[in-house]
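Report on the following structure.
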Amino acid sequence: MKRRRFLGLAAAAPLGFVAAARGEAKGARVVIVGGGYAGATAARYLRIADPALEVVLIEPDPRYATCPLSNLVLGGFRTLDSITVGYEGLAGAGVRLVRDRAVAIDAAARQVRLARGDPVGFDRAIVAAGVDFMWEELPALRDPAAREAVPHAWKAGAQTALLRRQLEAMPDGGTFVISIPEAPFRCPPGPYERACQAAAYFKSAKPRARVVVVDANEDVLSKGALFKAAWKELYAGIVDYRPDSKAIDVDVASRTVKLEFGDLKGDVLNVIPPMKAGEVAAPFVTANGRWCEVDWLTYESKAAPGVHVLGDSLQIAPLMPKSATMANAQAKVCAAAVARLLAGRAPNPAPVLVNACYSWLSPTEVAHVASVHRYDPAERTMKPVPGAGGLSPARSSAEAAAALAWERGIRVDTWGDGASARGPDA
Ligand SMILES: Cc1cc2nc3c(=O)[nH]c(=O)nc-3n(C[C@H](O)[C@H](O)[C@H](O)COP(=O)(O)OP(=O)(O)OC[C@H]3O[C@@H](n4cnc5c(N)ncnc54)[C@H](O)[C@@H]3O)c2cc1C
């Protein structure tokens, strides 16, 4: 019932209202595009920073499937439902929800155009549309039907369920191929965690099956020693890791990944494509034709005043991962800055971001990597703080408890979703 709180907003708040309010803190409107980790956090924290702000969140999906823990769904160790959240918590915080897709963000006219509804005006907009895929790099996968046969499962939800069904249907003795694109992409340790979870499933359900990981990068990108130890100690003979192996296309009919050097046939293919900022952020892309650059004090786009960009769509600062933790942390800095700018005040000149990323190396054992990123005024970028953060010395079940607590905490912090995360065997 609460889902009905998604509003057809445009009719209720005509653009004239927005024009009258522009430049004043009271009644100013911030429109957020995308209700993932970055957008939902920004919405909640804007309401906290200034309850007088009108905060509008545009998101096409009624529920959001979180990517963290989605590899455990692929392994069969938890359900998709247990990692899916609703938007009721945001509605309860006074965020106005518009269930629609933004098709254009017009910075000059200060207006977001929607697929179905009327345009929505804004004083400031925050674009948090995550990633989209560069299908042109894998020509066969331009065809949406081919993506059903060869799922990416790099946005959780239907694709996760599809890949899980394929793994269940795969015969014992079959080969599961995971193809990793060149960095940067969403969640650097994610593909290696996926290899562990698939291997854990095969170990008990299909002991003759194998996971072949073809990586376009020259080595494991994150927690390398920990992943390699798990493959050796837990999944010997199951995981076969091949660096410097870039996929350039797929032959769907013969289930073959075409690599720069040679081809690789499998029974189930999981080809993770190269990524770029979510399509709707295209006008704000300024780096490599892929990513959006921002002022790190406010997250205001370098391409368009009044428009802020967050999360995975960003051109990263040095050693900054594209992660849920980072998207959530950036969003809090951005929300505080936007509230201050709308009130005619200067943003915090010294923001600090903390990242922590847990990886499940088995269904019950976890390791983490953490880093701290501080604003450098001379170079106007975020820089890792030397000596801060760290890496687990080994995987452990104690860290699994910490990882579940992190998942619970970030859900509440992002969506105001109090549903408690269940353990992997729930
Ligand atoms: C397998 C996997 C495991 C991961 N594990 C972890 C982990 O353990 N820890 C961690 O910190 N991170 C993890 N991540 C990374 C994390 O999921 C992302 O970094 C995070 O989701 C980025 O948040 P975002 O808000 O930028 O994008 P998203 O969460 O993708 O949100 C984007 C939102 O924008 C919406 N949207 C897109 N286009 C439009 C439009 N035109 N109009 C309106 N709405 C739109 C989408 O529907 C979506 O809801 C993992 C990722 C994967 C794939």
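Just so we're on the same page: first chain in the structure tokens is A, next is B, and so on; residues restart at 1 for each chain, and ligands are numbered from 1 in the order they show up.
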Problem set entry | Test item: residues no farther than 8 Å from ligand 1, counting only C-alpha atoms and all ligand atoms, as number ranges by chain | A: 33-40, 58-61, 64, 66-71, 100-104, 114, 128-131, 153-156, 186-187, 189-191, 193-194, 278-280, 310-313, 321-328, 355-359
Problem set entry | Residue neighbourhood Ile238 in chain A, 10 Å, only C-alpha atoms, exclusion window fewer than 3 positions, as a list in words |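 Near Ile238 in chain A, the qualifying residues are Thr175, Ala195, Cys196, Ala198, Ala199, Ala200, Phe202, Lys203, Pro207, Arg208, Ala209, Arg210, Val211, Val212, Trp231, Lys232, Leu234, Tyr235 and Tyr241 of chain A.
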Exercise. Pick from A:Val257, A:Val338, A:Val177, A:Ala91: nearest to Leu46 in chain A, with only C-alpha atoms counted?
Worked result: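 Answer, going by the shortest atom-to-atom distance: A:Val338.
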For this session: Report the distance between CA of Pro139 in chain A and CA of Asp249 in chain A in Å, rounded to one decimal place.
Result: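 CA of Asp249 in chain A lies 6.0 Å from CA of Pro139 in chain A.
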Exercise. Quick one: DSSP helix (DSSP H, G or I) residues in range 152-335 of chain A, as number ranges by chain?
Worked result: A: 158-169, 190-205, 224-233, 279-284, 311-313, 324-335
For this session: List the neighbours of Leu90 in chain A out to 7 Å using only C-alpha atoms; skip same-chain residues closer than 6 positions along the sequence, and give me the result as a ChimeraX atom specification.
Result: /A:44,415-416
May I have the residues from that selection written out with N, CA, C and O atoms, as a compact mmCIF listing (two decimals), in the first residue's frame?
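Writing done, so here's result26.txt:
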# COMPACT_ATOMS: atom_id res chain seq x y z
N ARG A 44 17.57 11.57 1.32
CA ARG A 44 17.32 11.51 2.77
C ARG A 44 18.11 12.60 3.51
O ARG A 44 17.59 13.27 4.39
N TRP A 415 18.13 4.21 2.43
CA TRP A 415 16.69 4.22 2.10
C TRP A 415 15.80 4.36 3.32
O TRP A 415 14.57 4.34 3.19
N GLY A 416 16.40 4.43 4.52
CA GLY A 416 15.58 4.40 5.73
C GLY A 416 14.86 3.06 5.84
O GLY A 416 13.79 2.98 6.42
For this session: List every residue of range 219-426 of chain A that DSSP, applied to the backbone, labels as strand (DSSP E), and write the result as a PyMOL selection string.
Result: chain A and resi 239-242+247-251+256-259+263-265+268-271+275-277+285-287+291-292+294-295+300-301+307-309+352-360+366-376+381-384+390-391
Just write the chosen residues, C-alpha atoms, as a PDB file, in the first residue's frame.
ATOM      1  CA  VAL A 239      38.713 -21.750 -10.342  1.00  0.00           C
ATOM      2  CA  ASP A 240      41.024 -21.112 -13.292  1.00  0.00           C
ATOM      3  CA  TYR A 241      42.129 -17.442 -13.382  1.00  0.00           C
ATOM      4  CA  ARG A 242      43.537 -16.032 -16.647  1.00  0.00           C
ATOM      5  CA  ALA A 247      36.850 -10.107 -24.426  1.00  0.00           C
ATOM      6  CA  ILE A 248      36.136  -8.387 -27.727  1.00  0.00           C
ATOM      7  CA  ASP A 249      32.892 -10.125 -28.690  1.00  0.00           C
ATOM      8  CA  VAL A 250      30.697 -13.129 -28.040  1.00  0.00           C
ATOM      9  CA  ASP A 251      29.349 -15.854 -30.295  1.00  0.00           C
ATOM     10  CA  THR A 256      32.003 -18.669 -27.089  1.00  0.00           C
ATOM     11  CA  VAL A 257      33.750 -15.617 -25.670  1.00  0.00           C
ATOM     12  CA  LYS A 258      35.970 -14.114 -28.346  1.00  0.00           C
ATOM     13  CA  LEU A 259      39.163 -12.890 -26.742  1.00  0.00           C
ATOM     14  CA  ASP A 263      38.423 -17.995 -28.103  1.00  0.00           C
ATOM     15  CA  LEU A 264      36.922 -19.666 -25.057  1.00  0.00           C
ATOM     16  CA  LYS A 265      33.854 -21.878 -25.072  1.00  0.00           C
ATOM     17  CA  VAL A 268      27.278 -20.535 -19.080  1.00  0.00           C
ATOM     18  CA  LEU A 269      28.798 -17.167 -20.031  1.00  0.00           C
ATOM     19  CA  ASN A 270      28.823 -14.118 -17.781  1.00  0.00           C
ATOM     20  CA  VAL A 271      30.340 -11.314 -19.827  1.00  0.00           C
ATOM     21  CA  MET A 275      30.925   0.682 -18.388  1.00  0.00           C
ATOM     22  CA  LYS A 276      30.201   4.395 -18.611  1.00  0.00           C
ATOM     23  CA  ALA A 277      28.033   6.892 -16.733  1.00  0.00           C
ATOM     24  CA  VAL A 285      30.313  13.474 -19.401  1.00  0.00           C
ATOM     25  CA  THR A 286      33.664  15.236 -19.614  1.00  0.00           C
ATOM     26  CA  ALA A 287      36.251  12.444 -19.160  1.00  0.00           C
ATOM     27  CA  TRP A 291      32.546   9.637 -16.946  1.00  0.00           C
ATOM     28  CA  CYS A 292      31.428  12.910 -15.322  1.00  0.00           C
ATOM     29  CA  VAL A 294      32.777  17.325 -10.678  1.00  0.00           C
ATOM     30  CA  ASP A 295      33.941  19.871  -8.135  1.00  0.00           C
ATOM     31  CA  GLU A 300      28.586  20.178  -9.122  1.00  0.00           C
ATOM     32  CA  SER A 301      29.204  19.112 -12.704  1.00  0.00           C
ATOM     33  CA  VAL A 307      23.584  20.074 -11.830  1.00  0.00           C
ATOM     34  CA  HIS A 308      25.435  17.740  -9.438  1.00  0.00           C
ATOM     35  CA  VAL A 309      26.576  14.203 -10.250  1.00  0.00           C
ATOM     36  CA  VAL A 352      36.621  13.443   3.933  1.00  0.00           C
ATOM     37  CA  LEU A 353      35.206  10.192   2.503  1.00  0.00           C
ATOM     38  CA  VAL A 354      35.650   6.727   3.969  1.00  0.00           C
ATOM     39  CA  ASN A 355      35.315   3.555   1.926  1.00  0.00           C
ATOM     40  CA  ALA A 356      34.960   0.005   3.198  1.00  0.00           C
ATOM     41  CA  CYS A 357      34.297  -2.882   0.911  1.00  0.00           C
ATOM     42  CA  TYR A 358      33.634  -6.437   2.072  1.00  0.00           C
ATOM     43  CA  SER A 359      34.095  -9.460  -0.193  1.00  0.00           C
ATOM     44  CA  TRP A 360      32.621 -12.888   0.459  1.00  0.00           C
ATOM     45  CA  VAL A 366      34.767 -12.376   4.376  1.00  0.00           C
ATOM     46  CA  ALA A 367      37.676  -9.961   3.957  1.00  0.00           C
ATOM     47  CA  HIS A 368      37.593  -6.176   3.643  1.00  0.00           C
ATOM     48  CA  VAL A 369      39.558  -3.305   2.170  1.00  0.00           C
ATOM     49  CA  ALA A 370      39.174   0.230   3.532  1.00  0.00           C
ATOM     50  CA  SER A 371      40.496   3.652   2.521  1.00  0.00           C
ATOM     51  CA  VAL A 372      40.138   7.289   3.560  1.00  0.00           C
ATOM     52  CA  HIS A 373      40.018  10.078   0.954  1.00  0.00           C
ATOM     53  CA  ARG A 374      40.642  13.730   1.875  1.00  0.00           C
ATOM     54  CA  TYR A 375      40.160  16.868  -0.239  1.00  0.00           C
ATOM     55  CA  ASP A 376      43.435  18.333  -1.506  1.00  0.00           C
ATOM     56  CA  THR A 381      40.812  16.466  -5.944  1.00  0.00           C
ATOM     57  CA  MET A 382      40.220  13.780  -3.322  1.00  0.00           C
ATOM     58  CA  LYS A 383      43.400  11.962  -2.313  1.00  0.00           C
ATOM     59  CA  PRO A 384      43.862   8.780  -0.293  1.00  0.00           C
ATOM     60  CA  GLY A 390      43.757  -1.201   5.412  1.00  0.00           C
ATOM     61  CA  LEU A 391      43.228  -4.726   4.263  1.00  0.00           C
TER      62      LEU A 391
END
Exercise. In terms of the shortest atom-to-atom distance over only C-alpha atoms, which of A:Ala400, A:Lys223, A:Gly174, A:Val333 is closest to Pro347 in chain A?
Worked result: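 Nearest to Pro347 in chain A: A:Val333.
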